[in-house]
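Source file: data35.cif (mmCIF, C-alpha atoms)
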data_structure
loop_
_atom_site.group_PDB
_atom_site.id
_atom_site.type_symbol
_atom_site.label_atom_id
_atom_site.label_comp_id
_atom_site.auth_asym_id
_atom_site.auth_seq_id
_atom_site.Cartn_x
_atom_site.Cartn_y
_atom_site.Cartn_z
ATOM 1 C CA MET A 19 20.187 -7.164 -4.386
ATOM 2 C CA LYS A 20 17.900 -4.679 -2.615
ATOM 3 C CA LEU A 21 14.157 -4.392 -2.058
ATOM 4 C CA ALA A 22 11.689 -1.511 -2.343
ATOM 5 C CA ALA A 23 8.141 -1.623 -0.969
ATOM 6 C CA PHE A 24 5.489 0.941 -1.819
ATOM 7 C CA ASP A 25 2.094 1.719 -0.395
ATOM 8 C CA MET A 26 -0.464 1.911 -3.202
ATOM 9 C CA ASP A 27 -3.282 4.389 -2.439
ATOM 10 C CA GLY A 28 -2.038 7.968 -2.294
ATOM 11 C CA THR A 29 1.535 6.868 -2.986
ATOM 12 C CA ILE A 30 1.755 5.017 -6.294
ATOM 13 C CA LEU A 31 -1.776 6.110 -7.161
ATOM 14 C CA GLU A 32 -3.103 9.658 -7.026
ATOM 15 C CA GLY A 33 -6.347 8.467 -5.445
ATOM 16 C CA ARG A 34 -7.689 5.754 -3.154
ATOM 17 C CA LEU A 35 -9.434 2.642 -4.405
ATOM 18 C CA VAL A 36 -12.096 2.349 -1.684
ATOM 19 C CA PHE A 37 -13.294 5.880 -2.381
ATOM 20 C CA THR A 38 -13.348 5.338 -6.142
ATOM 21 C CA LEU A 39 -15.292 2.094 -5.707
ATOM 22 C CA SER A 40 -17.717 3.456 -3.121
ATOM 23 C CA GLU A 41 -18.428 6.596 -5.149
ATOM 24 C CA ARG A 42 -19.342 4.425 -8.137
ATOM 25 C CA ILE A 43 -21.984 2.560 -6.112
ATOM 26 C CA GLY A 44 -23.179 5.495 -4.010
ATOM 27 C CA LEU A 45 -21.714 4.305 -0.714
ATOM 28 C CA ASP A 46 -18.874 6.780 -0.262
ATOM 29 C CA GLY A 47 -20.602 8.341 2.744
ATOM 30 C CA LYS A 48 -20.788 5.006 4.539
ATOM 31 C CA VAL A 49 -17.131 4.237 3.786
ATOM 32 C CA ARG A 50 -15.989 7.612 5.105
ATOM 33 C CA THR A 51 -18.091 7.165 8.259
ATOM 34 C CA ILE A 52 -16.501 3.791 8.950
ATOM 35 C CA GLN A 53 -13.002 5.085 8.296
ATOM 36 C CA GLY A 54 -13.588 8.094 10.534
ATOM 37 C CA ASP A 55 -14.791 6.038 13.523
ATOM 38 C CA GLY A 56 -11.984 6.325 16.044
ATOM 39 C CA LYS A 57 -13.466 3.611 18.265
ATOM 40 C CA LEU A 58 -13.160 0.845 15.680
ATOM 41 C CA ALA A 59 -9.984 -1.206 15.336
ATOM 42 C CA ALA A 60 -8.418 -0.802 11.912
ATOM 43 C CA HIS A 61 -8.936 -4.428 10.885
ATOM 44 C CA LYS A 62 -12.597 -4.204 11.927
ATOM 45 C CA LYS A 63 -12.989 -1.273 9.548
ATOM 46 C CA THR A 64 -11.467 -3.365 6.770
ATOM 47 C CA ALA A 65 -14.028 -6.121 7.357
ATOM 48 C CA MET A 66 -16.959 -3.675 7.457
ATOM 49 C CA ILE A 67 -15.923 -1.919 4.254
ATOM 50 C CA ALA A 68 -15.485 -5.239 2.454
ATOM 51 C CA GLU A 69 -19.102 -6.072 3.329
ATOM 52 C CA LEU A 70 -20.236 -2.923 1.515
ATOM 53 C CA PHE A 71 -18.651 -4.226 -1.680
ATOM 54 C CA THR A 72 -20.705 -7.427 -1.707
ATOM 55 C CA GLY A 73 -21.853 -8.159 -5.243
ATOM 56 C CA LEU A 74 -19.111 -6.260 -7.042
ATOM 57 C CA THR A 75 -17.243 -8.259 -9.636
ATOM 58 C CA ARG A 76 -13.518 -8.649 -9.943
ATOM 59 C CA LYS A 77 -13.816 -6.653 -13.173
ATOM 60 C CA ASP A 78 -15.511 -3.804 -11.250
ATOM 61 C CA ILE A 79 -12.503 -3.583 -8.952
ATOM 62 C CA GLU A 80 -9.991 -3.815 -11.775
ATOM 63 C CA SER A 81 -11.833 -1.097 -13.697
ATOM 64 C CA ALA A 82 -11.859 1.179 -10.662
ATOM 65 C CA VAL A 83 -8.143 0.903 -9.990
ATOM 66 C CA GLU A 84 -7.306 1.355 -13.669
ATOM 67 C CA SER A 85 -9.222 4.650 -13.603
ATOM 68 C CA ILE A 86 -6.913 6.136 -10.930
ATOM 69 C CA PRO A 87 -3.846 7.853 -12.413
ATOM 70 C CA LEU A 88 -0.352 6.890 -11.366
ATOM 71 C CA VAL A 89 1.599 9.530 -9.480
ATOM 72 C CA LYS A 90 3.924 11.503 -11.754
ATOM 73 C CA ASN A 91 7.050 9.618 -12.880
ATOM 74 C CA THR A 92 6.096 6.378 -11.119
ATOM 75 C CA GLU A 93 6.958 4.244 -14.144
ATOM 76 C CA GLN A 94 10.329 5.978 -14.517
ATOM 77 C CA ALA A 95 11.145 5.524 -10.828
ATOM 78 C CA MET A 96 10.253 1.823 -10.869
ATOM 79 C CA SER A 97 12.316 1.267 -13.984
ATOM 80 C CA THR A 98 15.252 3.017 -12.332
ATOM 81 C CA LEU A 99 15.015 0.819 -9.237
ATOM 82 C CA LYS A 100 14.791 -2.341 -11.347
ATOM 83 C CA SER A 101 17.916 -1.287 -13.216
ATOM 84 C CA ARG A 102 19.674 -1.001 -9.841
ATOM 85 C CA ASP A 103 18.852 -4.598 -8.905
ATOM 86 C CA TYR A 104 15.914 -3.849 -6.622
ATOM 87 C CA LYS A 105 13.040 -6.235 -6.141
ATOM 88 C CA ILE A 106 10.009 -3.945 -6.062
ATOM 89 C CA GLY A 107 6.467 -4.437 -4.846
ATOM 90 C CA ILE A 108 3.310 -3.165 -3.204
ATOM 91 C CA ILE A 109 2.416 -3.576 0.460
ATOM 92 C CA SER A 110 -1.088 -2.199 0.846
ATOM 93 C CA ASP A 111 -4.147 -2.414 3.071
ATOM 94 C CA SER A 112 -6.205 -2.230 -0.127
ATOM 95 C CA TYR A 113 -7.105 -5.380 -2.092
ATOM 96 C CA THR A 114 -4.930 -7.877 -3.914
ATOM 97 C CA ALA A 115 -7.355 -7.821 -6.849
ATOM 98 C CA ALA A 116 -6.479 -4.157 -7.397
ATOM 99 C CA ALA A 117 -2.845 -4.126 -6.291
ATOM 100 C CA SER A 118 -2.033 -6.975 -8.678
ATOM 101 C CA VAL A 119 -3.272 -4.869 -11.600
ATOM 102 C CA VAL A 120 -0.966 -2.012 -10.633
ATOM 103 C CA ALA A 121 1.946 -4.372 -9.950
ATOM 104 C CA SER A 122 1.542 -5.988 -13.370
ATOM 105 C CA ARG A 123 1.518 -2.609 -15.078
ATOM 106 C CA LEU A 124 4.749 -1.636 -13.305
ATOM 107 C CA ASP A 125 6.462 -5.046 -13.710
ATOM 108 C CA MET A 126 6.692 -5.492 -9.945
ATOM 109 C CA ASP A 127 7.887 -8.582 -8.107
ATOM 110 C CA PHE A 128 5.477 -8.966 -5.200
ATOM 111 C CA VAL A 129 2.188 -7.857 -3.661
ATOM 112 C CA ALA A 130 0.894 -8.064 -0.087
ATOM 113 C CA ALA A 131 -2.674 -6.891 0.515
ATOM 114 C CA ASN A 132 -6.103 -7.935 1.750
ATOM 115 C CA ASP A 133 -7.787 -10.694 -0.240
ATOM 116 C CA LEU A 134 -11.439 -10.155 -1.043
ATOM 117 C CA VAL A 135 -13.262 -13.473 -1.232
ATOM 118 C CA PHE A 136 -14.870 -14.059 -4.628
ATOM 119 C CA GLU A 137 -17.290 -16.750 -5.707
ATOM 120 C CA GLU A 138 -17.621 -17.099 -9.465
ATOM 121 C CA GLY A 139 -16.023 -13.694 -9.878
ATOM 122 C CA VAL A 140 -18.377 -11.902 -7.463
ATOM 123 C CA ALA A 141 -17.329 -10.435 -4.108
ATOM 124 C CA THR A 142 -18.974 -12.192 -1.163
ATOM 125 C CA GLY A 143 -18.396 -9.388 1.329
ATOM 126 C CA LYS A 144 -15.749 -11.430 3.129
ATOM 127 C CA VAL A 145 -12.079 -10.546 3.246
ATOM 128 C CA ASN A 146 -8.995 -12.480 4.281
ATOM 129 C CA MET A 147 -6.584 -10.200 6.128
ATOM 130 C CA PRO A 148 -2.913 -11.256 6.232
ATOM 131 C CA MET A 149 -2.184 -9.118 9.326
ATOM 132 C CA GLY A 150 1.231 -10.164 10.714
ATOM 133 C CA TRP A 151 1.459 -7.727 13.631
ATOM 134 C CA GLU A 152 0.496 -10.471 16.074
ATOM 135 C CA LYS A 153 3.600 -12.433 15.014
ATOM 136 C CA ILE A 154 6.097 -9.635 15.687
ATOM 137 C CA ASP A 155 4.194 -7.606 18.306
ATOM 138 C CA CYS A 156 4.025 -4.580 16.014
ATOM 139 C CA PHE A 157 2.095 -1.586 17.318
ATOM 140 C CA CYS A 158 0.127 -1.089 14.091
ATOM 141 C CA ARG A 159 -2.730 -3.613 14.624
ATOM 142 C CA LEU A 160 -3.698 -3.271 10.958
ATOM 143 C CA SER A 161 -5.256 -5.714 8.523
ATOM 144 C CA VAL A 162 -1.870 -5.722 6.772
ATOM 145 C CA CYS A 163 1.121 -5.110 9.034
ATOM 146 C CA LYS A 164 3.461 -3.462 6.598
ATOM 147 C CA ARG A 165 6.553 -3.979 8.723
ATOM 148 C CA TYR A 166 5.870 -7.720 8.907
ATOM 149 C CA HIS A 167 5.382 -8.033 5.150
ATOM 150 C CA LEU A 168 8.438 -5.891 4.443
ATOM 151 C CA GLU A 169 10.515 -8.245 6.578
ATOM 152 C CA LYS A 170 8.843 -11.302 5.025
ATOM 153 C CA HIS A 171 9.614 -10.283 1.450
ATOM 154 C CA ALA A 172 13.124 -9.127 2.289
ATOM 155 C CA SER A 173 13.780 -12.585 3.731
ATOM 156 C CA LYS A 174 12.180 -14.246 0.698
ATOM 157 C CA PHE A 175 14.525 -12.452 -1.680
ATOM 158 C CA GLY A 176 17.596 -12.730 0.565
ATOM 159 C CA VAL A 177 17.789 -8.981 1.227
ATOM 160 C CA GLN A 178 19.122 -7.494 4.465
ATOM 161 C CA MET A 179 16.849 -4.963 6.163
ATOM 162 C CA ASP A 180 19.535 -2.301 5.762
ATOM 163 C CA ASP A 181 19.044 -2.700 2.009
ATOM 164 C CA THR A 182 15.287 -2.071 2.037
ATOM 165 C CA LEU A 183 13.344 0.995 0.927
ATOM 166 C CA ALA A 184 9.789 1.688 2.131
ATOM 167 C CA VAL A 185 7.570 4.493 0.829
ATOM 168 C CA GLY A 186 4.157 5.518 2.150
ATOM 169 C CA ASP A 187 1.874 8.415 3.014
ATOM 170 C CA THR A 188 -0.375 7.551 5.980
ATOM 171 C CA ARG A 189 -0.184 6.231 9.531
ATOM 172 C CA ALA A 190 -0.722 2.739 8.151
ATOM 173 C CA ASP A 191 2.760 3.013 6.633
ATOM 174 C CA ILE A 192 4.631 4.199 9.727
ATOM 175 C CA CYS A 193 5.735 0.777 10.938
ATOM 176 C CA MET A 194 7.440 -0.086 7.636
ATOM 177 C CA ILE A 195 8.825 3.418 7.091
ATOM 178 C CA ARG A 196 10.513 3.325 10.487
ATOM 179 C CA HIS A 197 11.814 -0.212 10.095
ATOM 180 C CA ALA A 198 13.178 -0.039 6.550
ATOM 181 C CA GLY A 199 16.803 0.712 5.866
ATOM 182 C CA PHE A 200 15.589 3.822 4.033
ATOM 183 C CA GLY A 201 12.070 4.978 4.848
ATOM 184 C CA VAL A 202 10.351 7.770 2.940
ATOM 185 C CA ALA A 203 7.258 9.722 3.961
ATOM 186 C CA PHE A 204 5.726 10.472 0.560
ATOM 187 C CA MET A 205 3.299 13.387 0.553
ATOM 188 C CA PRO A 206 2.690 12.666 4.270
ATOM 189 C CA LYS A 207 -0.925 13.093 5.303
ATOM 190 C CA ASP A 208 -0.179 14.232 8.858
ATOM 191 C CA ASP A 209 2.684 15.095 11.199
ATOM 192 C CA ASP A 210 2.915 11.564 12.593
ATOM 193 C CA VAL A 211 3.794 10.244 9.146
ATOM 194 C CA LYS A 212 6.101 13.169 8.415
ATOM 195 C CA ASN A 213 7.959 12.564 11.670
ATOM 196 C CA ALA A 214 8.347 8.848 10.988
ATOM 197 C CA SER A 215 11.388 9.541 8.812
ATOM 198 C CA LYS A 216 13.969 12.216 8.137
ATOM 199 C CA ASN A 217 13.303 11.529 4.452
ATOM 200 C CA ALA A 218 10.205 13.239 3.087
ATOM 201 C CA VAL A 219 8.867 13.994 -0.380
ATOM 202 C CA ASN A 220 6.412 16.889 -0.449
ATOM 203 C CA THR A 221 5.709 17.057 -4.174
ATOM 204 C CA PRO A 222 3.759 14.331 -6.029
ATOM 205 C CA ASP A 223 6.692 13.097 -8.117
ATOM 206 C CA MET A 224 8.050 9.578 -7.559
ATOM 207 C CA MET A 225 11.443 10.454 -9.003
ATOM 208 C CA GLN A 226 11.944 12.570 -5.882
ATOM 209 C CA VAL A 227 12.348 9.281 -4.013
ATOM 210 C CA ILE A 228 15.212 8.349 -6.352
ATOM 211 C CA ARG A 229 16.786 11.760 -5.814
ATOM 212 C CA LEU A 230 16.621 11.277 -2.055
ATOM 213 C CA LEU A 231 18.334 7.920 -2.404
ATOM 214 C CA ASP A 232 21.033 9.404 -4.599
ATOM 215 C CA ALA A 233 21.648 12.241 -2.150
ATOM 216 C CA THR A 234 22.223 9.881 0.763
ATOM 217 C CA PRO A 235 25.846 8.881 1.428
#
Just give me the structure of the file as structure tokens.
Amino acid sequence: MKLAAFDMDGTILEGRLVFTLSERIGLDGKVRTIQGDGKLAAHKKTAMIAELFTGLTRKDIESAVESIPLVKNTEQAMSTLKSRDYKIGIISDSYTAAASVVASRLDMDFVAANDLVFEEGVATGKVNMPMGWEKIDCFCRLSVCKRYHLEKHASKFGVQMDDTLAVGDTRADICMIRHAGFGVAFMPKDDDVKNASKNAVNTPDMMQVIRLLDATP
């Protein structure tokens, strides 16, 4: 058995959920300002953005993520991995309410993401962040330490780290890309991500990840 973990926004999906959501309610400017503030810790940004989504329903979030197209050949790539005895899942600093929709569509085995707090189906503006970096002293300091959750799910399924695949596109993915047995920078958004692995995909086609795997001795 092996395990493959994928970032969601910009990797499995062509777009990013927080931008799709914020554009629908006219708050995209505020979201981009928060994300662009270099003085704020990443998990603080997550909490501030969640506050902006107060009052949205779970259905609003599901509708938004369903409107974002999958990257080309994602379904084929996931099916291929499943046929090769991989456990597959999403590790994302987006929201479980959205990632679970994508995971269900792709018949995935696990999801790790931030949990928006809902009361009677309505977002309260609060968010539970699983973090994990504080447990392994990871450098990322993110709301979801992707290395920690990669290790956690590998252990859960009895998979050695050498038999893990991690795929992502931004700096938030660097810790899991570097730590996986086979890390892939997928359409890397900057040089730091590109340099995180010798394996890079520069065309938006998920089957390129499979081809990289097949080309590796």
#### Entry: Non-local contacts of Thr98 (chain A) (10 Å; all atoms listed in the file; under 5 positions in same chain excluded) as a PyMOL selection string
chain A and resi 92-93+103-104+225+228
### Task
May I have the residues within 8 Å of Tyr113 (chain A) as a PyMOL selection string, using all atoms listed in the file and disregarding those fewer than 2 positions away in the same chain?
chain A and resi 110-111+115-117+131-134
#### Entry: Answer as a list of chain:residue names, residues within 9 Å of (3.5, -9.3, 7.1) using only C-alpha atoms
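In the file's frame, the residues around the point are A:Ile109, A:Ala130, A:Pro148, A:Met149, A:Gly150, A:Trp151, A:Lys153, A:Ile154, A:Val162, A:Cys163, A:Lys164, A:Arg165, A:Tyr166, A:His167, A:Leu168, A:Glu169, A:Lys170, A:His171.
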### Message
Can you tell me which residues surround Asp209 (chain A) at a distance of at most 10 Å, considering all atoms listed in the file, apart from same-chain residues fewer than 4 positions away, and format the answer as a ChimeraX atom specification?
### Response
/A:188-189,213-214
### Query
Any idea what's packed within 6 Å of Leu183 (chain A), counting all atoms listed in the file, ignoring anything in its chain fewer than 4 positions away? Could you give it as a list in words?
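In the requested form, the answer reads Ala22, Ala198, Phe200 and Gly201 of chain A.
Our summary of the geometry notes that CA of Phe204 (chain A) is positioned 4.8 Å from CA of Val219 (chain A).
This file gives the following result for the PyMOL selection byres ((chain A and resi 124) around 9): Thr92, Glu93, Met96, Ser97, Val119, Val120, Ala121, Ser122, Arg123, Asp125 and Met126 of chain A.
Considering all atoms listed in the file, the residue among A:Leu74, A:Asp223, A:Met66, A:Leu39 positioned nearest to Ile52 (chain A) is A:Met66.
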### Message
the PyMOL selection byres ((chain A and resi 65) around 10) - which residues does that actually catch in the file I just gave you? List them as an MDAnalysis selection string.
### Response
chainID A and resid 60:64 66:70 132 134 143:147 161
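Those residues returned by the PyMOL selection byres ((chain A and resi 186) around 7) for this file are Phe24, Asp25, Thr29, Ala184, Val185, Asp187, Thr188, Asp191, Val202, Ala203 and Phe204 of chain A.
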### Message
What's around Asp127 (chain A) at 7 Å? Count only C-alpha atoms, leave out sequence neighbours fewer than 2 positions away in its own chain, and write the answer as an MDAnalysis selection string.
### Response
chainID A and resid 105:107 125
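Nearest-residue note for Gly33 (chain A): choosing from A:Met224, A:Met205, A:Val83, A:Ala218, the minimum distance belongs to A:Val83, counting only C-alpha atoms.
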Please report, as AutoDock Vina command-line options, the centre and edge lengths in Å to one decimal of an axis-aligned box covering all listed atoms of region 90-101 of chain A with 8 Å per side.
--center_x 10.9 --center_y 4.6 --center_z -11.9 --size_x 30.0 --size_y 29.8 --size_z 21.3
### Nearest to Leu160 (chain A) by atom-to-atom distance, counting only C-alpha atoms, from A:Pro206, A:Arg76, A:Leu58, A:Met179
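Result for the nearest residue to Leu160 (chain A): A:Leu58.
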#### Entry: Separation of CA of Thr221 (chain A) from CA of Cys156 (chain A) in Å
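Interatomic distance, CA of Cys156 (chain A) to CA of Thr221 (chain A): 29.6 Å.
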